[in-house]
Amino acid sequence: MVIDKIKKRIEYDNENDVQENEEHRSDIPVGKWVKCSKCKQILYKEDLHKNFSVCPNCGNHFRLSSRRRVSQIIDEGTFEEFDLKIDADNPLKMDDYIKKLQTLREKTGLDEAVKCGIGKINSEEVVLCVMDSNFLMGSMGKVVGEKITYSIEKAIELKLPIIIFCASGGARMQEGIVSLMQMAKTSAAVKKLNKEGNLYISVLTDPTYGGVTASFATLGDIILAEPNAMIGFAGQRVIKQTIGQDLPEGFQTSEFLLEHGFIDKIVNRKDMKETLYKLILLHKGGNRDAE
Amino acid sequence: MPSKKITAWERVMIAREADRPTALDYIDNIFDEFMELHGDRYFKDDKSIVCGLGRIGRQNYTIIGEQKGRNTKENIERNFGMPNPEAYRKALRFMKQAEKFSRPVVTFIDTKGAYPGLGAEERGQGEAIAKNLMEMSDLKVPIIAIVIGEGSSGGALAIGVGDRVLMLENAIYSILSPEGYASILWKDSSRAEEAAEKMKLTAKDLLKLGVIDEVLKEPNGNAKTDIEKMSETMKKKIVSITKELQELDVNELVENRYQKFRNM
Ligand SMILES: [Zn+2]
C-alpha cells in the first residue's frame, strides 16, 4: 500500500518528449523510494544515490540534479560557483514568466538552468558548467547563454579546461528570438576558446535537444555521453509528424550517436570522473610541449 | 506610400505567400553575374540551399541562399526550403572559400526551419548548424545576412551570423513557427495567430530588440509587386555595407561581430 502511494509520486520517469514536458523525473523526489523507469524495480533512494543515481538492477541512469552532479565530479569542498547576478530577461513580455522563474527558484533552490564555477577533479582545476533539467527542462534563455559564455571566457582567461554537462530540452521558448541568439553567442565563445587552445569536453546527458544540441553541446574537442541518453536536434514527435512513419528502435540514443560518428565515447556515470581526469592529463602533456 | 497598420500575423501570411520572391529571384537581379556551384563534398548537393559566386561591378561575392521552390515540382526538389545537414555543410564550404579568396559573403534567409527528418538526425543536423554558427563567428570576411521571407529557428540562424543582419519589411524571424510556438507553449497549434503577435517576429520588433540592424522597405508594401525595385534596394545596401565593412581591419571586423552577438 505504501508502495502504491509512492508509485503515484514517482511516475514522472522516462518521459522523452522533452520539449513539452516541464515536469521531470530526476532525483529530487519526495519519499524514500523511487521506481526505476526501465526495469520497474522499486529502489531505496539511499541505495540509488550511493550508486551514482544509477539503477543497481539494470544500469538505468536516472536524471541528475546539478548539485548532485557537481558532488560526483568535483573534489569535495573545491567547487566555487561563479557569483553572477544576471537579471532574467523577458523580451516577449510574457505574463507570468518572471513570476514562474521566481517560483522555480524557490522550489528548486537553483538560480537558473545551469550551474557554473571552478573546481578540482583529482586536484586538476577546471571550469565546470552543469545544466539542470529540473529548471524549465534545462532550456537555454539569455541567462543560461550568458553563464555558459562567461564560463568559456573565464576558462580562456584562467587557461583552464572547461567541461560542460548538457541537459536541455533546447531553447527557452518564453524568451523567443533572444534565446535563439544564445546559440550564436555560445558557439562564438567556443571558437574563441579553440583559438586559445583550451580543452573543451562536452558531456551529453539525458535529454540534450534543440538549440543546445545545435550549439555548444556538439562543439566539444571531446564529446562524451552517458549511456542511453536521448540526444537530438528535432524532437521525436515532430519528426514522426513530418515523415509520417515510426522511428527505429534506439533512434537518438547515445548509442545511435556513437554509431553515426557524432560522439567520442559513452561513459558510465561511475567512471565519469576518472575518464574526465584522464582526458585532462592526456591534454596537459601536449600543452607542456608547446611551451 | 505609408502602409496601414499590418498585424504580425498578416506579415506571416505575406512571408509565406506562394508567389513571394525567392532567393534566386533576388540573386538574379542583384548580381551582375551569378554562377551556381554545387555540393558539400561529403554526401550530396542539397538544393534547399543554393551557393555560388557573383559580382556587383568589380566586387566579387560568395552568395548563399535558402531556396524555396517556385512551384510544387521545385518545392519537392528543394525540400520546401528545409535544409538537411549537407546543405549547411555546403554553405560552410563556400564561406571558408570566401575567406580564402577574401570575398564578402551575402546570405539570403528563407526557411521554415532545418528539416526534422530521420536522415537529418543520422547525419548530425545539430552538429552541422553548430559548426556554422561557430565558424561564421570568426570568418575573416564581411558577412551580410538578409532575411527575405521566413527565418525560422536554428535553420535560419545557421546562415545568419552576419556583421549586418537586414530584413525585408514583411519578412519574419523567430525561434520557430507561430504554430510550433503555440503548440509547445500552450499545447494548441490553432493559437498560431495569437502566438505571432506575442513572438516579436516582425522586422520592426526585431529592430527594436537589436536582433537585426535594418529594415528594408518593400515596394508597394509587398516585394512581389516589384522584384526589380526590391532587388535594387538590396543591391544598394549590399554595396554600401560592403564598403563600410571593408574599411575595418580584419581583427576589428571579427571582434565587432563577436561583440554584436555577445551582447544579445
Ligand atoms: Zn532499473
# chains A, B, ... in the order shown; residues from 1 in each chain; ligands from 1

$ residues_near_ligand --ligand "ligand 1" --cutoff "10 Å" --atoms "only C-alpha atoms and all ligand atoms" --output "PyMOL selection string"
chain A and resi 35-43+54-62

$ residues_around --residues "B:Met136" --least-positions-apart "6" --cutoff "9 Å" --atoms "only C-alpha atoms" --output "list in words"
Ala188 of chain A; Leu92, Met95, Lys96, Ile143, Ala158, Ile159, Gly160, Val161 and Gly162 of chain B

$ closest_atom_pairs --of "chain A" --to "chain B" --cutoff "6 Å" --atoms "only C-alpha atoms" --output "Markdown table"
| residue | atom | partner | partner_atom | distance |
| --- | --- | --- | --- | --- |
| A:Glu20 | CA | B:Ile184 | CA | 5.9 |
| A:Gly176 | CA | B:Ile175 | CA | 5.5 |
| A:Ile177 | CA | B:Ile175 | CA | 5.0 |
| A:Leu180 | CA | B:Ile175 | CA | 5.7 |
| A:Ala184 | CA | B:Leu133 | CA | 5.5 |
| A:Lys185 | CA | B:Arg262 | CA | 5.2 |
| A:Ser187 | CA | B:Met134 | CA | 4.7 |
| A:Ala188 | CA | B:Met134 | CA | 5.0 |
| A:Lys191 | CA | B:Met134 | CA | 5.7 |
| A:Thr213 | CA | B:Gly126 | CA | 5.2 |
| A:Ala214 | CA | B:Gly126 | CA | 3.9 |
| A:Ser215 | CA | B:Ala130 | CA | 4.3 |
| A:Thr218 | CA | B:Glu127 | CA | 5.4 |
| A:Phe233 | CA | B:Gly126 | CA | 5.1 |
| A:Ala234 | CA | B:Pro116 | CA | 5.5 |
| A:Ile239 | CA | B:Pro116 | CA | 5.2 |

$ residues_around --residues "A:Lys270" --least-positions-apart "5" --cutoff "10 Å" --atoms "only C-alpha atoms" --output "PyMOL selection string"
chain A and resi 51-54+72-73+275

$ select_by_dssp --residues "stretch 5-251 of chain B" --states "strand (DSSP E or B)" --output "ChimeraX atom specification"
/B:33-37,49-56,59-66,105-111,143-152,164-168,172-174,202,214-216

$ atom_distance --atom1 "atom CA of A:Gly232" --atom2 "atom CA of B:Glu179"
21.1 Å

$ residues_around --residues "A:Leu258" --least-positions-apart "4" --cutoff "12 Å" --atoms "only C-alpha atoms" --output "PyMOL selection string"
(chain A and resi 204+223-229+231+250-254+262-267) or (chain B and resi 122-124)

$ write_last_selection --atoms "N, CA and C atoms" --output "mmCIF file, in the first residue's frame"
data_model
loop_
_atom_site.group_PDB
_atom_site.id
_atom_site.type_symbol
_atom_site.label_atom_id
_atom_site.label_comp_id
_atom_site.auth_asym_id
_atom_site.auth_seq_id
_atom_site.Cartn_x
_atom_site.Cartn_y
_atom_site.Cartn_z
ATOM 1 N N LEU A 204 27.165 14.859 -22.928
ATOM 2 C CA LEU A 204 25.743 14.893 -23.241
ATOM 3 C C LEU A 204 25.005 13.937 -22.309
ATOM 4 N N ILE A 223 33.592 14.769 -27.109
ATOM 5 C CA ILE A 223 32.178 14.717 -26.745
ATOM 6 C C ILE A 223 31.877 13.352 -26.130
ATOM 7 N N LEU A 224 31.519 13.361 -24.860
ATOM 8 C CA LEU A 224 31.159 12.131 -24.169
ATOM 9 C C LEU A 224 29.642 12.103 -24.003
ATOM 10 N N ALA A 225 29.116 10.929 -23.690
ATOM 11 C CA ALA A 225 27.692 10.847 -23.388
ATOM 12 C C ALA A 225 27.470 9.774 -22.343
ATOM 13 N N GLU A 226 26.426 9.937 -21.548
ATOM 14 C CA GLU A 226 26.018 8.881 -20.637
ATOM 15 C C GLU A 226 25.242 7.836 -21.433
ATOM 16 N N PRO A 227 25.239 6.585 -20.957
ATOM 17 C CA PRO A 227 24.533 5.542 -21.694
ATOM 18 C C PRO A 227 23.050 5.863 -21.849
ATOM 19 N N ASN A 228 22.532 5.539 -23.011
ATOM 20 C CA ASN A 228 21.093 5.581 -23.246
ATOM 21 C C ASN A 228 20.450 6.961 -23.050
ATOM 22 N N ALA A 229 21.230 8.006 -23.142
ATOM 23 C CA ALA A 229 20.663 9.354 -23.060
ATOM 24 C C ALA A 229 19.976 9.666 -24.382
ATOM 25 N N ILE A 231 19.399 12.175 -27.284
ATOM 26 C CA ILE A 231 20.135 13.323 -27.815
ATOM 27 C C ILE A 231 19.704 13.551 -29.264
ATOM 28 N N GLY A 250 15.858 2.707 -30.703
ATOM 29 C CA GLY A 250 17.164 3.257 -30.322
ATOM 30 C C GLY A 250 17.525 4.553 -31.020
ATOM 31 N N PHE A 251 16.599 5.097 -31.821
ATOM 32 C CA PHE A 251 16.823 6.361 -32.523
ATOM 33 C C PHE A 251 17.119 7.477 -31.524
ATOM 34 N N GLN A 252 18.129 8.275 -31.807
ATOM 35 C CA GLN A 252 18.519 9.421 -30.974
ATOM 36 C C GLN A 252 19.042 9.049 -29.586
ATOM 37 N N THR A 253 19.456 7.822 -29.392
ATOM 38 C CA THR A 253 20.114 7.489 -28.115
ATOM 39 C C THR A 253 21.614 7.764 -28.250
ATOM 40 N N SER A 254 22.310 7.757 -27.120
ATOM 41 C CA SER A 254 23.770 7.926 -27.150
ATOM 42 C C SER A 254 24.404 6.891 -28.077
ATOM 43 N N PHE A 262 28.995 10.787 -34.062
ATOM 44 C CA PHE A 262 28.860 12.137 -33.513
ATOM 45 C C PHE A 262 29.281 12.290 -32.057
ATOM 46 N N ILE A 263 29.663 11.194 -31.411
ATOM 47 C CA ILE A 263 30.266 11.338 -30.085
ATOM 48 C C ILE A 263 31.504 10.460 -29.995
ATOM 49 N N ASP A 264 32.390 10.807 -29.076
ATOM 50 C CA ASP A 264 33.654 10.082 -28.966
ATOM 51 C C ASP A 264 33.543 8.799 -28.161
ATOM 52 N N LYS A 265 32.683 8.843 -27.132
ATOM 53 C CA LYS A 265 32.713 7.725 -26.205
ATOM 54 C C LYS A 265 31.507 7.793 -25.283
ATOM 55 N N ILE A 266 30.974 6.621 -24.966
ATOM 56 C CA ILE A 266 29.913 6.545 -23.961
ATOM 57 C C ILE A 266 30.555 6.144 -22.636
ATOM 58 N N VAL A 267 30.242 6.871 -21.599
ATOM 59 C CA VAL A 267 30.899 6.638 -20.306
ATOM 60 C C VAL A 267 29.849 6.439 -19.225
ATOM 61 N N GLU B 122 20.486 11.407 -38.332
ATOM 62 C CA GLU B 122 21.606 10.463 -38.508
ATOM 63 C C GLU B 122 22.878 11.169 -38.959
ATOM 64 N N ARG B 123 22.702 12.210 -39.756
ATOM 65 C CA ARG B 123 23.865 12.907 -40.294
ATOM 66 C C ARG B 123 24.209 14.167 -39.511
ATOM 67 N N GLY B 124 23.603 14.304 -38.316
ATOM 68 C CA GLY B 124 24.053 15.351 -37.397
ATOM 69 C C GLY B 124 23.550 16.749 -37.709
#

$ select_by_dssp --residues "stretch 88-136 of chain B" --states "alpha helix (DSSP H)" --output "NGL selection string"
:B and (88-100 or 118-122 or 125-136)

$ residues_around --residues "stretch 99-106 of chain B" --least-positions-apart "2" --cutoff "10 Å" --atoms "only C-alpha atoms" --output "short mmCIF file (atom, residue, chain, number, x, y, z; two decimals) with C-alpha atoms, in the first residue's frame"
data_model
loop_
_atom_site.label_atom_id
_atom_site.label_comp_id
_atom_site.auth_asym_id
_atom_site.auth_seq_id
_atom_site.Cartn_x
_atom_site.Cartn_y
_atom_site.Cartn_z
CA ILE B 27 20.16 36.93 -56.74
CA LEU B 53 29.80 33.18 -56.96
CA GLY B 54 28.72 36.51 -58.31
CA ARG B 55 29.76 40.08 -58.64
CA GLN B 59 33.42 43.36 -56.42
CA ASN B 60 33.16 39.58 -56.18
CA TYR B 61 30.85 37.91 -53.70
CA THR B 62 30.11 34.48 -52.31
CA ILE B 63 26.37 34.04 -52.34
CA ILE B 64 24.38 31.64 -50.18
CA GLY B 65 20.60 31.42 -50.15
CA PHE B 94 31.56 28.22 -49.55
CA MET B 95 32.07 30.52 -46.59
CA LYS B 96 35.53 29.10 -45.91
CA GLN B 97 36.31 29.54 -49.59
CA PHE B 108 19.56 35.12 -48.05
CA ILE B 109 17.48 33.58 -45.27
CA LEU B 139 35.09 34.29 -40.64
CA LYS B 140 37.63 36.84 -41.79
CA VAL B 141 35.49 38.48 -44.45
CA PRO B 142 32.37 40.64 -44.21
CA ILE B 143 29.07 38.77 -43.89
CA ILE B 144 25.78 40.40 -44.81
CA ALA B 145 22.66 38.38 -43.97
CA ILE B 146 19.24 39.31 -45.35
CA ILE B 159 23.49 31.15 -42.23
CA GLY B 160 22.59 34.26 -40.25
CA GLY B 162 26.32 38.38 -40.04
CA ARG B 164 24.91 43.20 -40.59
CA ILE B 238 24.96 45.36 -50.07
CA THR B 242 30.48 46.05 -48.12
CA LEU B 245 32.99 46.74 -43.59
CA GLN B 246 36.00 46.52 -45.89
#

$ decode --residues "stretch 158-185 of chain B" --atoms "N, CA and C atoms" --output "PDB file, in the first residue's frame"
ATOM      1  N   ALA B 158      21.643  29.449 -38.869  1.00  0.00           N
ATOM      2  CA  ALA B 158      22.825  28.728 -39.355  1.00  0.00           C
ATOM      3  C   ALA B 158      23.509  29.402 -40.538  1.00  0.00           C
ATOM      4  N   ILE B 159      22.807  30.330 -41.217  1.00  0.00           N
ATOM      5  CA  ILE B 159      23.486  31.149 -42.225  1.00  0.00           C
ATOM      6  C   ILE B 159      23.278  32.643 -41.899  1.00  0.00           C
ATOM      7  N   GLY B 160      23.000  32.905 -40.617  1.00  0.00           N
ATOM      8  CA  GLY B 160      22.594  34.259 -40.245  1.00  0.00           C
ATOM      9  C   GLY B 160      23.522  35.032 -39.320  1.00  0.00           C
ATOM     10  N   VAL B 161      24.699  34.479 -39.039  1.00  0.00           N
ATOM     11  CA  VAL B 161      25.611  35.189 -38.134  1.00  0.00           C
ATOM     12  C   VAL B 161      26.383  36.247 -38.932  1.00  0.00           C
ATOM     13  N   GLY B 162      25.742  37.358 -39.165  1.00  0.00           N
ATOM     14  CA  GLY B 162      26.320  38.378 -40.040  1.00  0.00           C
ATOM     15  C   GLY B 162      26.821  39.605 -39.295  1.00  0.00           C
ATOM     16  N   ASP B 163      27.731  40.334 -39.963  1.00  0.00           N
ATOM     17  CA  ASP B 163      28.142  41.637 -39.430  1.00  0.00           C
ATOM     18  C   ASP B 163      26.957  42.589 -39.461  1.00  0.00           C
ATOM     19  N   ARG B 164      26.158  42.444 -40.491  1.00  0.00           N
ATOM     20  CA  ARG B 164      24.909  43.196 -40.589  1.00  0.00           C
ATOM     21  C   ARG B 164      23.808  42.194 -40.922  1.00  0.00           C
ATOM     22  N   VAL B 165      22.709  42.312 -40.199  1.00  0.00           N
ATOM     23  CA  VAL B 165      21.552  41.474 -40.486  1.00  0.00           C
ATOM     24  C   VAL B 165      20.405  42.388 -40.891  1.00  0.00           C
ATOM     25  N   LEU B 166      19.953  42.228 -42.121  1.00  0.00           N
ATOM     26  CA  LEU B 166      18.879  43.058 -42.655  1.00  0.00           C
ATOM     27  C   LEU B 166      17.620  42.215 -42.809  1.00  0.00           C
ATOM     28  N   MET B 167      16.488  42.897 -42.832  1.00  0.00           N
ATOM     29  CA  MET B 167      15.233  42.167 -43.004  1.00  0.00           C
ATOM     30  C   MET B 167      14.309  42.947 -43.906  1.00  0.00           C
ATOM     31  N   LEU B 168      13.657  42.234 -44.816  1.00  0.00           N
ATOM     32  CA  LEU B 168      12.630  42.892 -45.611  1.00  0.00           C
ATOM     33  C   LEU B 168      11.443  43.194 -44.693  1.00  0.00           C
ATOM     34  N   GLU B 169      10.747  44.230 -45.044  1.00  0.00           N
ATOM     35  CA  GLU B 169       9.639  44.736 -44.244  1.00  0.00           C
ATOM     36  C   GLU B 169       8.635  43.658 -43.806  1.00  0.00           C
ATOM     37  N   ASN B 170       8.323  42.740 -44.716  1.00  0.00           N
ATOM     38  CA  ASN B 170       7.325  41.715 -44.382  1.00  0.00           C
ATOM     39  C   ASN B 170       7.929  40.366 -44.021  1.00  0.00           C
ATOM     40  N   ALA B 171       9.227  40.298 -43.907  1.00  0.00           N
ATOM     41  CA  ALA B 171       9.848  39.026 -43.523  1.00  0.00           C
ATOM     42  C   ALA B 171       9.632  38.800 -42.027  1.00  0.00           C
ATOM     43  N   ILE B 172       9.762  37.555 -41.625  1.00  0.00           N
ATOM     44  CA  ILE B 172       9.651  37.237 -40.194  1.00  0.00           C
ATOM     45  C   ILE B 172      10.879  36.453 -39.754  1.00  0.00           C
ATOM     46  N   TYR B 173      11.200  36.542 -38.477  1.00  0.00           N
ATOM     47  CA  TYR B 173      12.392  35.873 -37.962  1.00  0.00           C
ATOM     48  C   TYR B 173      12.059  35.471 -36.531  1.00  0.00           C
ATOM     49  N   SER B 174      12.154  34.180 -36.257  1.00  0.00           N
ATOM     50  CA  SER B 174      11.677  33.728 -34.947  1.00  0.00           C
ATOM     51  C   SER B 174      12.330  32.414 -34.536  1.00  0.00           C
ATOM     52  N   ILE B 175      12.077  32.043 -33.311  1.00  0.00           N
ATOM     53  CA  ILE B 175      12.679  30.839 -32.751  1.00  0.00           C
ATOM     54  C   ILE B 175      12.083  29.577 -33.356  1.00  0.00           C
ATOM     55  N   LEU B 176      10.838  29.651 -33.753  1.00  0.00           N
ATOM     56  CA  LEU B 176      10.201  28.621 -34.566  1.00  0.00           C
ATOM     57  C   LEU B 176       8.898  29.179 -35.110  1.00  0.00           C
ATOM     58  N   SER B 177       8.148  28.388 -35.849  1.00  0.00           N
ATOM     59  CA  SER B 177       6.924  28.905 -36.458  1.00  0.00           C
ATOM     60  C   SER B 177       5.921  29.253 -35.357  1.00  0.00           C
ATOM     61  N   PRO B 178       5.028  30.201 -35.644  1.00  0.00           N
ATOM     62  CA  PRO B 178       3.985  30.524 -34.656  1.00  0.00           C
ATOM     63  C   PRO B 178       3.160  29.282 -34.281  1.00  0.00           C
ATOM     64  N   GLU B 179       2.939  28.390 -35.267  1.00  0.00           N
ATOM     65  CA  GLU B 179       2.186  27.171 -34.983  1.00  0.00           C
ATOM     66  C   GLU B 179       2.920  26.307 -33.961  1.00  0.00           C
ATOM     67  N   GLY B 180       4.224  26.123 -34.204  1.00  0.00           N
ATOM     68  CA  GLY B 180       5.042  25.323 -33.298  1.00  0.00           C
ATOM     69  C   GLY B 180       5.119  25.958 -31.918  1.00  0.00           C
ATOM     70  N   TYR B 181       5.221  27.261 -31.926  1.00  0.00           N
ATOM     71  CA  TYR B 181       5.333  28.003 -30.672  1.00  0.00           C
ATOM     72  C   TYR B 181       4.076  27.813 -29.823  1.00  0.00           C
ATOM     73  N   ALA B 182       2.920  27.982 -30.483  1.00  0.00           N
ATOM     74  CA  ALA B 182       1.647  27.828 -29.776  1.00  0.00           C
ATOM     75  C   ALA B 182       1.483  26.400 -29.275  1.00  0.00           C
ATOM     76  N   SER B 183       1.954  25.459 -30.067  1.00  0.00           N
ATOM     77  CA  SER B 183       1.772  24.071 -29.678  1.00  0.00           C
ATOM     78  C   SER B 183       2.685  23.695 -28.509  1.00  0.00           C
ATOM     79  N   ILE B 184       3.859  24.277 -28.445  1.00  0.00           N
ATOM     80  CA  ILE B 184       4.744  23.966 -27.328  1.00  0.00           C
ATOM     81  C   ILE B 184       4.330  24.717 -26.065  1.00  0.00           C
ATOM     82  N   LEU B 185       4.037  25.982 -26.232  1.00  0.00           N
ATOM     83  CA  LEU B 185       3.781  26.789 -25.044  1.00  0.00           C
ATOM     84  C   LEU B 185       2.356  26.616 -24.513  1.00  0.00           C
TER      85      LEU B 185
END
